[in-house]
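Visitor: Sharing run_19.cif (mmCIF, C-alpha atoms) below.
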data_entry
#
loop_
_atom_site.label_atom_id
_atom_site.label_comp_id
_atom_site.auth_asym_id
_atom_site.auth_seq_id
_atom_site.Cartn_x
_atom_site.Cartn_y
_atom_site.Cartn_z
CA MET G 1 45.58 65.15 -53.73
CA THR G 2 49.22 65.05 -54.80
CA GLY G 3 50.24 64.68 -58.43
CA ALA G 4 46.90 66.11 -59.60
CA THR G 5 48.42 67.74 -62.68
CA GLY G 6 50.30 64.64 -63.83
CA TYR G 7 49.33 62.06 -66.43
CA VAL G 8 47.36 59.81 -64.06
CA GLY G 9 46.38 62.69 -61.79
CA ARG G 10 44.44 64.59 -64.45
CA ALA G 11 42.37 61.50 -65.21
CA VAL G 12 41.72 60.86 -61.51
CA VAL G 13 40.59 64.46 -60.97
CA ARG G 14 38.06 64.17 -63.80
CA GLU G 15 36.73 60.84 -62.53
CA LEU G 16 36.37 62.13 -58.96
CA GLN G 17 34.38 65.11 -60.21
CA VAL G 18 32.10 62.90 -62.28
CA HIS G 19 31.27 60.92 -59.12
CA GLY G 20 30.52 63.97 -57.00
CA HIS G 21 33.81 64.28 -55.12
CA GLU G 22 35.66 67.58 -54.79
CA PRO G 23 39.40 67.02 -55.45
CA VAL G 24 41.74 69.62 -53.95
CA PRO G 25 45.15 69.60 -55.65
CA SER G 26 48.11 69.97 -53.31
CA ARG G 27 50.66 72.62 -54.21
CA GLN G 28 53.13 71.71 -51.48
CA ARG G 29 56.47 70.03 -52.07
CA LEU G 30 56.71 66.48 -50.80
CA SER G 31 59.91 67.41 -48.96
CA GLU G 32 58.05 69.94 -46.80
CA PRO G 33 55.75 69.39 -43.81
CA PHE G 34 52.11 69.24 -44.84
CA GLU G 35 49.18 71.18 -43.43
CA LEU G 36 45.89 69.57 -44.40
CA HIS G 37 42.61 71.18 -43.50
CA ASP G 38 39.03 70.07 -44.15
CA VAL G 39 39.91 66.97 -46.18
CA ASP G 40 38.48 63.53 -45.51
CA ALA G 41 40.87 61.64 -47.80
CA VAL G 42 44.24 61.99 -49.49
CA ILE G 43 45.12 60.44 -52.84
CA HIS G 44 48.90 60.31 -53.16
CA LEU G 45 50.02 60.07 -56.79
CA ALA G 46 53.16 62.21 -56.85
CA ALA G 47 56.40 60.22 -57.07
CA ALA G 48 59.79 59.90 -58.69
CA ALA G 49 59.04 57.09 -61.15
CA ARG G 50 61.76 56.43 -63.74
CA VAL G 51 63.09 52.91 -63.23
CA ARG G 52 66.39 53.21 -65.13
CA GLU G 53 67.15 56.60 -63.62
CA SER G 54 66.65 55.15 -60.13
CA PHE G 55 69.63 52.81 -60.64
CA LEU G 56 71.89 55.77 -61.45
CA ASP G 57 70.78 57.94 -58.53
CA PRO G 58 68.66 56.02 -56.03
CA LEU G 59 68.72 58.43 -53.08
CA PRO G 60 66.19 60.95 -54.46
CA TYR G 61 63.77 58.07 -55.00
CA TRP G 62 63.79 57.21 -51.33
CA GLU G 63 63.69 60.86 -50.34
CA THR G 64 60.65 61.54 -52.54
CA ASN G 65 58.71 58.28 -52.48
CA VAL G 66 59.27 57.33 -48.84
CA GLY G 67 60.02 60.73 -47.27
CA GLY G 68 57.14 62.41 -49.09
CA THR G 69 54.72 59.71 -47.96
CA LEU G 70 55.94 60.09 -44.38
CA ASN G 71 55.40 63.86 -44.48
CA LEU G 72 51.83 63.33 -45.65
CA LEU G 73 51.07 60.72 -43.00
CA LYS G 74 52.32 63.01 -40.24
CA ALA G 75 49.57 65.47 -41.18
CA LEU G 76 46.78 62.88 -41.07
CA ARG G 77 44.65 61.44 -38.33
CA GLY G 78 41.28 59.90 -39.00
CA GLN G 79 41.32 60.30 -42.78
CA ARG G 80 41.52 57.83 -45.64
CA PHE G 81 44.75 57.55 -47.60
CA LEU G 82 45.19 56.09 -51.09
CA LEU G 83 48.71 55.34 -52.32
CA ALA G 84 49.63 54.80 -55.97
CA SER G 85 52.20 52.01 -56.06
CA THR G 86 53.49 49.74 -58.82
CA GLY G 87 53.24 46.18 -60.05
CA THR G 88 57.04 46.08 -60.19
CA VAL G 89 57.17 45.45 -56.43
CA TYR G 90 56.46 41.76 -57.14
CA ARG G 91 58.85 38.89 -57.70
CA PRO G 92 58.57 37.91 -61.40
CA SER G 93 56.28 34.97 -62.01
CA GLN G 94 54.86 33.14 -65.00
CA ALA G 95 51.54 32.97 -63.15
CA PRO G 96 49.28 36.01 -62.82
CA LEU G 97 50.24 38.05 -59.77
CA THR G 98 47.80 38.40 -56.88
CA GLU G 99 48.04 40.85 -54.01
CA GLU G 100 49.43 37.99 -51.90
CA SER G 101 52.27 37.23 -54.34
CA VAL G 102 55.78 37.67 -52.97
CA ARG G 103 57.21 41.16 -53.23
CA GLU G 104 60.76 41.34 -54.52
CA PRO G 105 61.52 44.81 -55.92
CA SER G 106 64.03 44.74 -58.76
CA SER G 107 64.90 48.45 -58.86
CA PRO G 108 65.50 51.29 -56.39
CA TYR G 109 62.24 52.81 -57.63
CA ALA G 110 60.24 49.66 -56.87
CA ALA G 111 62.00 49.25 -53.52
CA SER G 112 61.07 52.80 -52.51
CA LYS G 113 57.43 52.16 -53.40
CA ALA G 114 57.42 48.91 -51.41
CA ALA G 115 58.80 50.80 -48.41
CA ALA G 116 56.08 53.44 -48.80
CA GLU G 117 53.48 50.66 -48.92
CA ASP G 118 54.77 49.28 -45.61
CA LEU G 119 54.75 52.71 -44.01
CA VAL G 120 51.14 53.29 -45.03
CA ALA G 121 50.03 49.81 -43.91
CA TRP G 122 51.56 50.23 -40.45
CA ALA G 123 49.95 53.66 -40.06
CA ALA G 124 46.58 52.09 -40.85
CA ARG G 125 47.19 49.20 -38.48
CA SER G 126 47.75 51.72 -35.67
CA GLY G 127 44.28 53.15 -36.32
CA ARG G 128 45.65 56.49 -37.45
CA ILE G 129 44.22 56.28 -41.01
CA GLY G 130 42.37 54.06 -43.42
CA ALA G 131 44.71 52.94 -46.20
CA THR G 132 44.42 51.56 -49.69
CA THR G 133 47.36 50.82 -51.95
CA LEU G 134 46.78 50.45 -55.67
CA ARG G 135 49.55 48.63 -57.52
CA LEU G 136 49.40 50.01 -61.04
CA PHE G 137 50.72 47.93 -63.89
CA ASN G 138 51.51 49.52 -67.28
CA VAL G 139 49.28 52.58 -67.61
CA ALA G 140 48.71 53.74 -71.19
CA GLY G 141 46.45 55.71 -73.51
CA GLY G 142 44.81 59.06 -72.92
CA GLY G 143 47.44 61.09 -74.75
CA ASP G 144 50.41 59.94 -72.67
CA THR G 145 53.59 61.91 -73.47
CA ASP G 146 56.18 59.69 -71.77
CA THR G 147 57.90 57.94 -74.66
CA SER G 148 59.86 55.71 -72.31
CA ARG G 149 56.66 53.61 -72.12
CA VAL G 150 56.31 50.98 -74.82
CA ILE G 151 52.86 51.79 -76.22
CA THR G 152 53.49 55.53 -76.15
CA ARG G 153 56.85 55.06 -77.84
CA ALA G 154 55.52 52.77 -80.55
CA VAL G 155 52.65 55.13 -81.37
CA ALA G 156 55.04 58.10 -81.42
CA CYS G 157 57.22 56.19 -83.87
CA ALA G 158 54.23 55.62 -86.13
CA ALA G 159 53.34 59.31 -85.84
CA GLY G 160 56.89 60.28 -86.82
CA THR G 161 57.55 62.29 -83.65
CA VAL G 162 60.40 60.02 -82.56
CA PRO G 163 62.82 58.29 -84.94
CA GLY G 164 62.41 54.72 -83.71
CA MET G 165 62.48 52.48 -80.67
CA GLU G 166 64.81 49.95 -79.11
CA VAL G 167 63.44 46.58 -78.05
CA TYR G 168 65.58 44.39 -75.81
CA GLY G 169 64.98 40.70 -76.39
CA ASP G 170 62.87 38.94 -78.99
CA GLY G 171 59.62 40.80 -78.37
CA THR G 172 57.85 37.94 -76.62
CA ALA G 173 58.08 39.39 -73.10
CA VAL G 174 54.56 39.93 -71.72
CA ARG G 175 53.34 42.88 -69.69
CA ASP G 176 49.96 43.91 -68.34
CA PHE G 177 48.40 47.11 -69.69
CA VAL G 178 45.54 49.26 -68.42
CA HIS G 179 44.02 52.45 -69.81
CA VAL G 180 44.53 55.57 -67.71
CA ARG G 181 40.75 56.14 -67.58
CA ASP G 182 40.28 52.69 -66.06
CA VAL G 183 43.01 53.49 -63.55
CA ALA G 184 41.12 56.65 -62.58
CA ALA G 185 37.95 54.62 -62.12
CA ALA G 186 39.87 52.23 -59.87
CA PHE G 187 40.86 55.09 -57.56
CA VAL G 188 37.24 56.18 -57.18
CA VAL G 189 36.06 52.64 -56.45
CA ALA G 190 38.87 52.12 -53.92
CA LEU G 191 38.26 55.48 -52.26
CA GLU G 192 34.60 54.72 -51.69
CA ALA G 193 35.44 51.32 -50.20
CA CYS G 194 38.19 52.58 -47.86
CA THR G 195 37.46 52.97 -44.13
CA VAL G 196 39.58 54.23 -41.25
CA GLY G 197 41.51 51.55 -39.39
CA THR G 198 41.70 49.15 -42.35
CA SER G 199 44.41 48.54 -44.94
CA SER G 200 43.84 47.05 -48.39
CA VAL G 201 45.92 46.40 -51.51
CA TYR G 202 44.60 46.07 -55.06
CA ASN G 203 46.22 45.24 -58.37
CA VAL G 204 45.20 47.50 -61.26
CA GLY G 205 45.80 45.72 -64.55
CA ALA G 206 43.65 44.56 -67.43
CA THR G 207 45.25 43.24 -70.63
CA ALA G 208 48.31 41.02 -70.95
CA ALA G 209 50.19 41.52 -74.22
CA SER G 210 53.69 40.97 -75.58
CA VAL G 211 55.87 43.64 -77.15
CA GLU G 212 55.22 41.91 -80.49
CA ASP G 213 51.48 42.28 -79.84
CA VAL G 214 51.94 45.99 -79.19
CA LEU G 215 53.96 46.54 -82.37
CA SER G 216 51.51 44.65 -84.57
CA THR G 217 48.52 46.45 -83.04
CA VAL G 218 50.14 49.84 -83.56
CA ALA G 219 50.85 48.98 -87.22
CA GLU G 220 47.27 47.76 -87.69
CA VAL G 221 45.65 50.80 -86.04
CA THR G 222 47.86 53.46 -87.63
CA GLY G 223 48.58 51.85 -90.99
CA ARG G 224 52.21 52.80 -90.45
CA PRO G 225 55.30 50.72 -89.70
CA VAL G 226 57.24 51.05 -86.45
CA HIS G 227 61.00 51.10 -86.89
CA VAL G 228 62.55 48.83 -84.25
CA ASP G 229 66.21 48.46 -83.34
CA TRP G 230 66.39 44.99 -81.82
CA LYS G 231 68.90 44.57 -78.98
CA PRO G 232 69.97 41.58 -76.89
CA ALA G 233 67.84 41.02 -73.83
CA HIS G 234 69.09 42.42 -70.55
CA ALA G 235 70.39 39.83 -68.11
CA GLY G 236 67.58 38.76 -65.79
CA GLU G 237 64.87 40.21 -68.01
CA VAL G 238 61.38 39.64 -66.63
CA ARG G 239 59.66 37.40 -69.18
CA ALA G 240 56.11 37.89 -67.95
CA GLN G 241 54.27 40.19 -65.58
CA ARG G 242 50.51 39.77 -65.51
CA ALA G 243 48.04 41.14 -62.99
CA ASP G 244 45.24 39.26 -61.31
CA ALA G 245 42.80 42.11 -60.63
CA SER G 246 39.92 39.94 -59.41
CA LYS G 247 40.05 41.50 -55.93
CA LEU G 248 39.44 44.96 -57.39
CA ARG G 249 36.77 43.62 -59.73
CA ALA G 250 34.96 42.24 -56.68
CA LEU G 251 34.46 45.86 -55.55
CA GLY G 252 32.65 46.56 -58.83
CA TRP G 253 35.55 47.84 -60.94
CA GLU G 254 35.53 46.85 -64.60
CA PRO G 255 38.11 48.01 -67.15
CA ARG G 256 36.07 49.54 -69.97
CA SER G 257 38.78 50.97 -72.23
CA SER G 258 41.71 48.59 -71.79
CA SER G 259 41.76 46.23 -74.74
CA LEU G 260 45.06 46.64 -76.56
CA THR G 261 43.30 47.97 -79.66
CA GLU G 262 41.34 50.52 -77.62
CA ILE G 263 44.45 51.76 -75.81
CA VAL G 264 46.49 52.09 -79.00
CA THR G 265 43.63 53.74 -80.90
CA ASP G 266 43.09 56.26 -78.12
CA GLN G 267 46.79 57.09 -77.94
CA TRP G 268 46.95 57.43 -81.75
CA ARG G 269 44.00 59.82 -81.84
CA ALA G 270 45.72 62.00 -79.25
CA SER G 271 49.14 62.07 -80.92
CA ALA G 272 48.65 61.45 -84.66
CA PRO G 273 50.02 64.21 -86.89
CA ALA G 274 47.40 66.63 -88.12
CA PRO G 275 46.66 66.36 -91.82
CA GLY G 276 48.49 68.93 -93.93
CA PRO G 277 46.77 71.60 -95.99
CA GLY G 278 45.09 70.46 -99.18
CA PRO G 279 46.46 71.32 -102.59
CA SER G 280 46.27 74.99 -103.59
CA ARG G 281 43.96 75.94 -106.42
#
Would you give me this structure, written as structure tokens?
Guide:
Amino acid sequence: MTGATGYVGRAVVRELQVHGHEPVPSRQRLSEPFELHDVDAVIHLAAAARVRESFLDPLPYWETNVGGTLNLLKALRGQRFLLASTGTVYRPSQAPLTEESVREPSSPYAASKAAAEDLVAWAARSGRIGATTLRLFNVAGGGDTDTSRVITRAVACAAGTVPGMEVYGDGTAVRDFVHVRDVAAAFVVALEACTVGTSSVYNVGATAASVEDVLSTVAEVTGRPVHVDWKPAHAGEVRAQRADASKLRALGWEPRSSSLTEIVTDQWRASAPAPGPGPSR
């Protein structure tokens, strides 16, 4: 398992253990040839994943996200392979996105993940592996520390650990959010359904909400205001990105912690400032 010590990876490790699997974290660099022994499946979570950074320096994204996937696949024959991808591979649409929706990556990061998806699918089609790609939408909660993500940033603002946040546009843009624990559950469900010689793709999303919804929920949960610096929308801003996860639900997956209030409350509990000492006597 790559990326086992990361934000999503830690949750996946716990969920695998709960269901009787024995995760083995990989300590190899993605740029190096892999040697895999006595494993019946690989869950590939490690990636370069900062969208804005990928525009400034795209080559490492292809080297890591495509090259690293290739190095893993070279070491496999007859195992199952699960790839963590992203909902940003899709062409923007006002309608909920299904796994058959048109892909049209809008960043070097998303393009590198789409290329990795294709590589994995072709390897499965050859009979070399069984493959499942999970397209994650906006993962949140669980004590996330990446304040480039909207829920994490807004909660950190309320906690006073960051000074404020910038919002581009009028706050009505809609995104799909899913709790990291529900993402971990999706990997276990997908792993147990994966078989060698097949290739499947699943969306992992749960709750559509606007930026305004996020801000108001954070204020309601924390009882604290969120300072926002409103900026003009970027040209070509995606107005809506919602996941249709019915295909994954048909496998038995149900998001249990992904209402907006639950996600925000969980993130607040993990990052709220500790109460100060009481008055001296």
Visitor: I'd like the neighbourhood of G:Val211 as a list in words, where a residue qualifies if any of its atoms comes within 9 Å (using all atoms listed in the file), though same-chain residues fewer than 4 positions away should be ignored.
Guide: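 That gives Val150, Ile151, Val167, Asp170, Gly171, Thr172, Ala173, Val174, Arg175, Leu215 and Ser216 of chain G.
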Visitor: Using all atoms listed in the file, which of G:Ala233, G:Arg256, G:Val201, G:Thr195 sits nearest G:Glu100?
Guide: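 Among the listed residues, G:Val201 lies closest to G:Glu100.
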Visitor: Which residues are close to G:Gly142, i.e. within 8 Å by all atoms listed in the file, leaving aside same-chain residues fewer than 5 positions away? Reply as a PyMOL selection string.
Guide: chain G and resi 179-181+263+266-267+270
Visitor: Between G:Leu82, G:Arg239, G:Glu212, G:Pro96, which one has atoms that come closest to G:Glu192, using all atoms listed in the file?
Guide: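 Of G:Leu82, G:Arg239, G:Glu212, G:Pro96, the one nearest G:Glu192, counting all atoms listed in the file, is G:Leu82.
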Visitor: Identify, on the basis of all atoms listed in the file, every residue whose closest approach to G:Ser246 does not exceed 10 Å; exclude the query and any residue fewer than 6 positions from it along the same chain; express the result as number ranges by chain.
Guide: G: 98-99, 202-206, 252-254
Visitor: Please compute the atom CA of G:Thr217-atom CA of G:Ser107 distance, one decimal, in Å.
Guide: 29.3 Å
Visitor: Could you state which residues are captured by the PyMOL selection byres ((chain G and resi 242) around 10) in this file, as an NGL selection string?
Guide: :G and (87 or 92-98 or 137-138 or 174-177 or 203 or 205-209 or 240-241 or 243-245)
Visitor: Spell out the residues picked by the PyMOL selection byres ((chain G and resi 44) around 7) here, as a PDB file with C-alpha atoms, in the coordinates of the input.
Guide:
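Wrote it out as part_30.pdb, contents follow:
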ATOM      1  CA  MET G   1      45.580  65.150 -53.730  1.00  0.00           C
ATOM      2  CA  THR G   2      49.220  65.050 -54.800  1.00  0.00           C
ATOM      3  CA  GLY G   3      50.240  64.680 -58.430  1.00  0.00           C
ATOM      4  CA  VAL G  42      44.240  61.990 -49.490  1.00  0.00           C
ATOM      5  CA  ILE G  43      45.120  60.440 -52.840  1.00  0.00           C
ATOM      6  CA  LEU G  45      50.020  60.070 -56.790  1.00  0.00           C
ATOM      7  CA  ALA G  46      53.160  62.210 -56.850  1.00  0.00           C
ATOM      8  CA  LEU G  82      45.190  56.090 -51.090  1.00  0.00           C
ATOM      9  CA  LEU G  83      48.710  55.340 -52.320  1.00  0.00           C
ATOM     10  CA  ALA G  84      49.630  54.800 -55.970  1.00  0.00           C
TER      11      ALA G  84
END
Visitor: From the options G:Ala48, G:Asn71, G:Val13, G:Trp122, which residue's atoms come nearest to G:Ser31, counting all atoms listed in the file?
Guide: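 So, comparing all the options, the nearest one is G:Asn71.
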Visitor: Selection in question (the file shown): the PyMOL selection byres ((chain G and resi 161) around 12). Which residues does it include, as a list in words?
Guide: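 Selected by the PyMOL selection byres ((chain G and resi 161) around 12) here: Thr145, Thr147, Thr152, Arg153, Ala154, Val155, Ala156, Cys157, Ala158, Ala159, Gly160, Val162, Pro163, Gly164, Met165, Val226, Trp268, Ser271, Ala272, Pro273 and Ala274 of chain G.
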Visitor: Rounded to one decimal place, report the atom CA of G:Ala47-atom CA of G:Arg80 distance in Å.
Guide: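 Separation of atom CA of G:Ala47 and atom CA of G:Arg80: 18.9 Å.
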Visitor: Atom CA of G:Ala140 and atom CA of G:Val178, how far apart in Å?
Guide: 6.1 Å
Visitor: For G:Gly78, find every residue with an atom within 10 Å (counting only C-alpha atoms), except residues of its own chain fewer than 5 positions away, and show them as a list in words.
Guide: Asp40, Ala41, Ala124, Gly127, Arg128, Ile129, Gly130, Thr195, Val196 and Gly197 of chain G
